[in-house]
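Read the structure below first, then the notes.
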Amino acid sequence: MDFKLAIGQKILDALKATLGDPGMTDVQIASALEVPPDTAMGDFAFPCFKLSKALRKPPAMISDALAGAIQADFLSKVDSVKGYLNFFIDRATFAEKILRAAAEQGERYGSDNSGAGKTVVLDYSSINIAKRFHIGHLSTTAIGSALYKLYKFFGWNAIGVNHLGDWGTQFGKMIAAYKRWGDHDTVARGGVDEMVKLYVRFNEEAKADPALNDEGRAWFKRIEDGDPEALEIFNWFKSVTLKDAERVYDMLGVTFDSYAGESFYNDKMQPVIDELKAKGLLKEDQGAQIVDLEPYGMPPALILRSDGATLYITRDLAAAKYRKDTYNFDKSLYVVAYQQNLHFRQLFKVLELMGYDWAKDCEHVAFGMVSYEGQALSTREGHVIYLDDLLNNAIQKARSIIDEKSPDLENKDEVARQIGVGAVVFFALYNNRIKDIDFWWDRALNFDGETGPYVMYTHARCCSVLAKAGEMDAEPDFAALSDADAQEVVRLIGQFPETAKSALERNEPSLITRFTVDLSQAYNKFYYDQKIMVDDLPTRAARVLLTKVTRDLLRTAMHLIGLNPPERM
Ligand code: ARG
């Protein structure tokens with residue numbers, strides 16, 4: 001049952017019977033309902049000033065008139081307080097309606113089919129070849145993957161794209177270095193680190209011997225021209241990088257439907273350039289080709305350099321078109337740090353100038369910067385944390401806690417992995433995405449307070465209560481859930497559909513992360529204050545049902561943000 005809508009209908013009926021037509025529908029009234037910060041002020045409140053204008057009456061008068069005119073079996077009381085109508089839901093009815101709805105809908109509770117028939121393309125993670133996966137790419141990976149799951153939850157057809165950074169002159173230099181000093185086995189064994197070493201050496205030696213740079217450029221040209229040897233080495237570098245990254249993706253449970261990266265668009269840019277020209281958008285500027293964005297208060301979009309080389313945005317233009325043609329998306333999201341704000345504003349503007357009305361369906365889902373102990377990340381200076389080190393550290397820590405506290409646990413390794421990885425992912429998704437993250441080891445590895453392990457622990461606690469309770473035959477007595485602790489848990493469960501919806505609409509997975517903490521805290525309070533295994537079976541059945549719905553919902557919510565909670569820990 002949708003209490004908000006039901007209340008909206010009651011308010012509308014009462015208005016029509018007393019003060020007259022408010023010029024609002026029941027749905028509009030329902031969506032103006034607020035949830036008071038304190039349950040002592042009711043479960044829902046309607047601010048009557050929203051009707052003042054239409055009814056030409058002061059809010060307090062409206063709320064006084066309506067309070068006496070509204071009655072329903074699901075309402076225990078309606079109060080008029082300073083222009084607000086406060087609604088008190090009958091607690092037993094409240095608990096029954098919400099828990100039954102949640103139990104019935106199971107894993108689907110909180111979702112709806114609003115995404116049916118719609119497609120969303122999500123560009124996330126989008127790592128760069130020949131670089132080791134470090135915490136700078138953790139946010140895009142965690143946020144993007146959570147959104148991917150969230151869109152699917154709401155029935156969207158979601159396409160995850162890893163827009164690999166696999167294009168640029170540095171790859172020519174890397175091949176040149178490999179041909180001079182590298183050998184197959186060393187790179188095959190050492191992976192990305194070996195490739196980086198070659199690259200660093202190349203740059204050092206090129207200082208003394210600038211002719212090396214020509215060699216690098218020549219190799220890059222060979223990649224561009226499709227020379228088989230160059231391509232073979234380059235593709236091999238790519239597969240070595242991806243193999244490293246896939247280990248991390250596997251640990252995180254992150255998947256993609258496409259790995260079409262920058263180089264994929266090599267042969268798809270010319271048509272876009274021709275089109276820009278045909279539409280009169282290209283302008284020559286000191287030998288380069290640009291799209292002038294001055295009228296829109298932006299620097300020009302550089303499409304072709306004077307030497308004819310294409311740029312990042314040229315490939316993104318081709319990619320955007322390709323995605324529209326291939327997937328016919330309703331929405332196309334780019335989960336990329338806010339440093340690239342200008343790039344995406346330019347990209348979307350050029351698409352719009354090209355006459356594509358779907359440019360409005362493209363959105364930059366920006367997130368904050370990651371620093372490490374107060375300083376900018378720098379691979380060159382070694383001031384960086386690699387993701388697999390971070391994950392392995394977290395797993396280690398989980399493992400030593402398990403060894404100490406639950407030495408008899410089965411599959412300790414698996415559980416340690418679930419907890420450790422969960423702690424890291426949760427850390428990445430805890431704050432509003434636009435906030436900068438300063439990474440500190442002790443914060444990322446904190447298992448107390450508002451953390452992934454805490455939520456997982458609550459889930460495991462519910463599992464153990466349920467195991468102890470076994471099958472319950474008794475009909476639950478929902479009046480037994482009238483206490484403030486149980487009511488708070490019920491209220492949060494009832495709020496999940498809205499929370500999930502806003503997370504989707506705002507592309508903000510942190511709303512789900514916070515929800516898991518709120519629900520855990522409420523349940524733990526209930527758990528400490530109320531006895532569950534009481535003799536009265538209907539009371540017990542009600543408290544066990546509350547536990548079951550909490551457990552299932554914690555699991556659903558954790559799955560959405562990419563956590564995989566163990567049943568015991
Ligand atoms: N590879 C880029 C980086 O690491 C991100 C690419 C984002 N996606 C895009 N279509 N531009 O900064």
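Chain labels follow the order of the structure tokens: the first chain is A, the next B, and so on; residue numbering restarts at 1 in every chain, and ligands are counted from 1 in their shown order.
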
Please build the interface table for region 235-303 of chain A against region 183-193 of chain A with a cut-off of 8 Å, listing for each qualifying residue the nearest atom pair and the distance in Å to one decimal; count only C-alpha atoms, order rows by chain and increasing number, and write it as JSON lines.
```
{"residue": "A:Val240", "atom": "CA", "partner": "A:Gly191", "partner_atom": "CA", "distance": 5.9}
{"residue": "A:Thr241", "atom": "CA", "partner": "A:Val192", "partner_atom": "CA", "distance": 5.8}
{"residue": "A:Asp244", "atom": "CA", "partner": "A:Gly191", "partner_atom": "CA", "distance": 7.4}
```

Within 10 Å of ligand 1 (only C-alpha atoms and all ligand atoms), residues as a PyMOL selection string:
chain A and resi 122-129+131+136-137+140+161-167+261-262+312-313+315-320+333-337+339-340+343-344+347+364

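Between Met558 (chain A) and the candidates A:Thr451, A:Asn524, A:Ser482, A:Thr25, the tightest atom-to-atom separation, counting only C-alpha atoms, involves A:Thr451.
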
Length of the CA of Ala69 (chain A) to CA of Gly8 (chain A) vector [Å]:
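For CA of Ala69 (chain A) relative to CA of Gly8 (chain A), the distance reads 13.5 Å.
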
Among region 181-383 of chain A, which ones does DSSP place in helix (DSSP H, G or I), written as JSON, numbers by chain?
{"A": [181, 184, 185, 186, 187, 188, 189, 190, 192, 193, 194, 195, 196, 197, 198, 199, 200, 201, 202, 203, 204, 205, 206, 207, 208, 211, 212, 213, 214, 215, 216, 217, 218, 219, 220, 221, 222, 223, 224, 228, 229, 230, 231, 232, 233, 234, 235, 236, 237, 238, 239, 240, 241, 242, 243, 244, 245, 246, 247, 248, 249, 250, 251, 252, 262, 263, 264, 265, 266, 267, 268, 269, 270, 271, 272, 273, 274, 275, 276, 277, 278, 294, 295, 296, 312, 313, 314, 315, 316, 317, 318, 319, 320, 321, 322, 323, 324, 325, 326, 327, 338, 339, 340, 341, 342, 343, 344, 345, 346, 347, 348, 349, 350, 351, 352, 353, 357, 358, 359, 360, 361]}

Considering only C-alpha atoms, return as a PyMOL selection string whatever protein or nucleic-acid residues lie within 6 Å of Ser139 (chain A), sequence-local ones (same chain, fewer than 3 positions apart) excluded.
chain A and resi 142-143+428

Saved selection, atoms kept: all heavy atoms, as an mmCIF file, in the first residue's frame:
```cif
data_model
loop_
_atom_site.group_PDB
_atom_site.id
_atom_site.type_symbol
_atom_site.label_atom_id
_atom_site.label_comp_id
_atom_site.auth_asym_id
_atom_site.auth_seq_id
_atom_site.Cartn_x
_atom_site.Cartn_y
_atom_site.Cartn_z
ATOM 1 N N ALA A 142 33.545 1.908 -9.369
ATOM 2 C CA ALA A 142 32.530 1.552 -8.377
ATOM 3 C C ALA A 142 31.199 2.254 -8.657
ATOM 4 O O ALA A 142 30.132 1.628 -8.608
ATOM 5 C CB ALA A 142 33.026 1.906 -6.976
ATOM 6 N N ILE A 143 31.260 3.541 -8.979
ATOM 7 C CA ILE A 143 30.019 4.290 -9.230
ATOM 8 C C ILE A 143 29.346 3.763 -10.501
ATOM 9 O O ILE A 143 28.147 3.498 -10.525
ATOM 10 C CB ILE A 143 30.296 5.805 -9.385
ATOM 11 C CG1 ILE A 143 30.819 6.387 -8.074
ATOM 12 C CG2 ILE A 143 29.043 6.549 -9.825
ATOM 13 C CD1 ILE A 143 31.353 7.816 -8.187
ATOM 14 N N ALA A 428 34.383 3.624 -1.327
ATOM 15 C CA ALA A 428 34.342 4.437 -2.549
ATOM 16 C C ALA A 428 32.948 5.001 -2.810
ATOM 17 O O ALA A 428 32.812 6.015 -3.478
ATOM 18 C CB ALA A 428 34.797 3.599 -3.744
#
```

Can you list every residue in region 5-239 of chain A that DSSP puts in strand (DSSP E or B), as a PyMOL selection string?
chain A and resi 34+44-47+75-81+84-89+119-123+128+134+157-161+165

Limited to N, CA, C and O atoms, could you put the picked residues into a file as a CSV table (one decimal), in the first residue's frame?
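Saved as selection_35.csv:
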```
chain,number,residue,atom,x,y,z
A,34,GLU,N,5.7,15.4,3.3
A,34,GLU,CA,7.0,15.3,3.8
A,34,GLU,C,7.1,14.2,4.9
A,34,GLU,O,6.1,13.9,5.5
A,44,PHE,N,3.9,11.3,8.4
A,44,PHE,CA,3.9,12.1,7.2
A,44,PHE,C,3.3,13.5,7.6
A,44,PHE,O,2.5,13.6,8.5
A,45,ALA,N,3.8,14.5,6.9
A,45,ALA,CA,3.2,15.8,7.2
A,45,ALA,C,2.9,16.6,5.9
A,45,ALA,O,3.7,16.4,4.9
A,46,PHE,N,1.8,17.3,5.9
A,46,PHE,CA,1.5,18.0,4.7
A,46,PHE,C,1.6,19.5,5.0
A,46,PHE,O,0.9,20.0,5.9
A,47,PRO,N,2.4,20.3,4.3
A,47,PRO,CA,2.6,21.7,4.5
A,47,PRO,C,1.4,22.4,3.8
A,47,PRO,O,1.4,22.5,2.6
A,75,LEU,N,-5.1,5.3,9.7
A,75,LEU,CA,-4.6,6.5,10.4
A,75,LEU,C,-5.1,6.4,11.8
A,75,LEU,O,-6.3,6.3,12.1
A,76,SER,N,-4.1,6.6,12.8
A,76,SER,CA,-4.6,6.6,14.2
A,76,SER,C,-4.9,8.0,14.6
A,76,SER,O,-5.6,8.2,15.6
A,77,LYS,N,-4.3,9.0,13.9
A,77,LYS,CA,-4.5,10.4,14.4
A,77,LYS,C,-4.1,11.4,13.3
A,77,LYS,O,-3.2,11.1,12.5
A,78,VAL,N,-4.8,12.5,13.2
A,78,VAL,CA,-4.4,13.6,12.3
A,78,VAL,C,-4.3,14.9,13.1
A,78,VAL,O,-5.3,15.3,13.7
A,79,ASP,N,-3.2,15.5,13.2
A,79,ASP,CA,-3.0,16.7,14.0
A,79,ASP,C,-2.8,17.9,13.1
A,79,ASP,O,-2.2,17.8,12.1
A,80,SER,N,-3.3,19.1,13.6
A,80,SER,CA,-3.0,20.3,12.9
A,80,SER,C,-2.0,21.1,13.8
A,80,SER,O,-2.3,21.5,14.9
A,81,VAL,N,-0.8,21.3,13.3
A,81,VAL,CA,0.2,22.1,14.0
A,81,VAL,C,0.8,23.2,13.2
A,81,VAL,O,1.5,22.9,12.2
A,84,TYR,N,0.7,22.9,9.5
A,84,TYR,CA,1.1,21.5,9.0
A,84,TYR,C,0.0,20.5,9.4
A,84,TYR,O,-0.5,20.6,10.6
A,85,LEU,N,-0.3,19.6,8.5
A,85,LEU,CA,-1.2,18.5,8.9
A,85,LEU,C,-0.2,17.3,9.2
A,85,LEU,O,0.5,16.9,8.3
A,86,ASN,N,-0.3,16.8,10.4
A,86,ASN,CA,0.6,15.7,10.7
A,86,ASN,C,-0.2,14.4,10.8
A,86,ASN,O,-1.2,14.3,11.5
A,87,PHE,N,0.2,13.4,10.0
A,87,PHE,CA,-0.5,12.2,10.0
A,87,PHE,C,0.2,11.1,10.7
A,87,PHE,O,1.4,10.9,10.6
A,88,PHE,N,-0.5,10.4,11.6
A,88,PHE,CA,0.0,9.3,12.4
A,88,PHE,C,-0.6,8.0,11.8
A,88,PHE,O,-1.8,7.9,11.9
A,89,ILE,N,0.2,7.2,11.3
A,89,ILE,CA,-0.3,6.0,10.7
A,89,ILE,C,-0.5,5.0,11.8
A,89,ILE,O,0.3,4.9,12.8
A,119,THR,N,16.9,2.0,-23.0
A,119,THR,CA,18.3,1.6,-23.0
A,119,THR,C,19.2,2.7,-22.5
A,119,THR,O,19.0,3.9,-22.8
A,120,VAL,N,20.1,2.3,-21.6
A,120,VAL,CA,21.1,3.3,-21.1
A,120,VAL,C,22.5,2.8,-21.4
A,120,VAL,O,22.7,1.6,-21.2
A,121,VAL,N,23.3,3.6,-21.9
A,121,VAL,CA,24.7,3.3,-22.1
A,121,VAL,C,25.5,3.9,-21.0
A,121,VAL,O,25.3,5.1,-20.8
A,122,LEU,N,26.3,3.1,-20.3
A,122,LEU,CA,27.1,3.7,-19.3
A,122,LEU,C,28.6,3.5,-19.6
A,122,LEU,O,29.1,2.4,-19.8
A,123,ASP,N,29.3,4.6,-19.6
A,123,ASP,CA,30.8,4.6,-19.9
A,123,ASP,C,31.4,4.7,-18.5
A,123,ASP,O,31.3,5.7,-17.9
A,128,ASN,N,43.3,3.2,-18.8
A,128,ASN,CA,44.3,3.5,-19.8
A,128,ASN,C,45.3,2.3,-19.9
A,128,ASN,O,45.7,1.8,-18.9
A,134,HIS,N,45.0,2.0,-10.5
A,134,HIS,CA,45.2,2.6,-9.2
A,134,HIS,C,44.0,3.2,-8.7
A,134,HIS,O,42.9,3.2,-9.4
A,157,ASN,N,17.5,-1.7,-20.1
A,157,ASN,CA,18.5,-2.4,-20.7
A,157,ASN,C,19.8,-1.6,-20.6
A,157,ASN,O,19.9,-0.5,-21.1
A,158,ALA,N,20.7,-2.1,-19.8
A,158,ALA,CA,21.9,-1.3,-19.5
A,158,ALA,C,23.1,-1.9,-20.3
A,158,ALA,O,23.3,-3.1,-20.4
A,159,ILE,N,23.9,-1.0,-20.9
A,159,ILE,CA,25.1,-1.4,-21.7
A,159,ILE,C,26.3,-0.8,-21.0
A,159,ILE,O,26.4,0.4,-21.0
A,160,GLY,N,27.2,-1.6,-20.5
A,160,GLY,CA,28.4,-1.1,-19.8
A,160,GLY,C,29.5,-1.0,-20.8
A,160,GLY,O,29.9,-2.0,-21.4
A,161,VAL,N,30.1,0.1,-20.9
A,161,VAL,CA,31.2,0.3,-21.9
A,161,VAL,C,32.5,0.7,-21.2
A,161,VAL,O,32.5,1.7,-20.4
A,165,GLY,N,41.5,3.7,-22.8
A,165,GLY,CA,42.4,4.7,-23.3
A,165,GLY,C,43.5,4.0,-24.0
A,165,GLY,O,44.6,3.7,-23.3
```

Quick one: everything within 9 Å of region 545-547 of chain A, counting only C-alpha atoms, minus sequence neighbours fewer than 4 positions away in the same chain. Send it as a PyMOL selection string.
chain A and resi 95+99+103+462-463+465-466+472+476+481+486+489-490+523+540-541+551-552

Close residues, Tyr528 (chain A) itself excluded, 12 Å, only C-alpha atoms, min 6 positions apart in chain, as a ChimeraX atom specification
/A:461,485-486,521-522

Convert the current residue selection to file output with all heavy atoms, as a PDB file, in the first residue's frame.
```pdb
ATOM      1  N   ARG A 461      24.115 -11.008  11.211  1.00  0.00           N
ATOM      2  CA  ARG A 461      23.354 -11.117  12.462  1.00  0.00           C
ATOM      3  C   ARG A 461      21.906 -11.530  12.163  1.00  0.00           C
ATOM      4  O   ARG A 461      21.364 -12.426  12.808  1.00  0.00           O
ATOM      5  CB  ARG A 461      23.378  -9.777  13.199  1.00  0.00           C
ATOM      6  CG  ARG A 461      22.319  -9.663  14.272  1.00  0.00           C
ATOM      7  CD  ARG A 461      22.502  -8.422  15.110  1.00  0.00           C
ATOM      8  NE  ARG A 461      23.612  -8.594  16.032  1.00  0.00           N
ATOM      9  CZ  ARG A 461      24.246  -7.596  16.649  1.00  0.00           C
ATOM     10  NH1 ARG A 461      23.855  -6.349  16.435  1.00  0.00           N
ATOM     11  NH2 ARG A 461      25.223  -7.828  17.469  1.00  0.00           N
ATOM     12  N   ASP A 485      11.381   1.336  18.259  1.00  0.00           N
ATOM     13  CA  ASP A 485      12.519   0.694  17.589  1.00  0.00           C
ATOM     14  C   ASP A 485      12.069  -0.044  16.325  1.00  0.00           C
ATOM     15  O   ASP A 485      12.631   0.133  15.245  1.00  0.00           O
ATOM     16  CB  ASP A 485      13.201  -0.300  18.526  1.00  0.00           C
ATOM     17  CG  ASP A 485      13.827   0.382  19.729  1.00  0.00           C
ATOM     18  OD1 ASP A 485      14.258   1.544  19.585  1.00  0.00           O
ATOM     19  OD2 ASP A 485      13.868  -0.244  20.806  1.00  0.00           O
ATOM     20  N   ALA A 486      11.054  -0.888  16.500  1.00  0.00           N
ATOM     21  CA  ALA A 486      10.556  -1.644  15.353  1.00  0.00           C
ATOM     22  C   ALA A 486       9.974  -0.705  14.302  1.00  0.00           C
ATOM     23  O   ALA A 486      10.183  -0.891  13.101  1.00  0.00           O
ATOM     24  CB  ALA A 486       9.508  -2.652  15.799  1.00  0.00           C
ATOM     25  N   GLN A 521      21.700   0.428  11.437  1.00  0.00           N
ATOM     26  CA  GLN A 521      21.670   1.050  12.764  1.00  0.00           C
ATOM     27  C   GLN A 521      20.301   0.866  13.413  1.00  0.00           C
ATOM     28  O   GLN A 521      20.208   0.537  14.597  1.00  0.00           O
ATOM     29  CB  GLN A 521      22.011   2.542  12.654  1.00  0.00           C
ATOM     30  CG  GLN A 521      23.495   2.745  12.396  1.00  0.00           C
ATOM     31  CD  GLN A 521      23.865   4.196  12.094  1.00  0.00           C
ATOM     32  OE1 GLN A 521      23.002   4.990  11.706  1.00  0.00           O
ATOM     33  NE2 GLN A 521      25.134   4.519  12.252  1.00  0.00           N
ATOM     34  N   ALA A 522      19.256   1.056  12.633  1.00  0.00           N
ATOM     35  CA  ALA A 522      17.906   0.909  13.193  1.00  0.00           C
ATOM     36  C   ALA A 522      17.670  -0.538  13.632  1.00  0.00           C
ATOM     37  O   ALA A 522      17.126  -0.792  14.708  1.00  0.00           O
ATOM     38  CB  ALA A 522      16.865   1.337  12.165  1.00  0.00           C
TER      39      ALA A 522
END
```

Please identify all polymer residues within 9 Å of region 197-210 of chain A, counting only C-alpha atoms, omitting same-chain residues fewer than 3 positions from it, and present them as a list in words.
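Listed by chain and then number, they are Gln170, Phe171, Lys173, Met174, Ile175, Ala176, Ala177, Tyr178, Trp181, Gly182, Val192, Asp193, Glu194, Asn213, Asp214 and Arg380 of chain A.
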
Residue among A:Val248, A:Lys179, A:Asp438, A:Thr169 lying closest to Ser263 (chain A), counting only C-alpha atoms
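Nearest to Ser263 (chain A): A:Thr169.
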
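The gap separating CA of Ala301 (chain A) from CA of Leu281 (chain A) is 10.6 Å, in Å to one decimal.
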
Give me, as number ranges by chain, all polymer residues having an atom no more than 6 Å from region 406-417 of chain A, counting only C-alpha atoms and skipping those fewer than 5 positions away in the same chain.
A: 395, 398-399
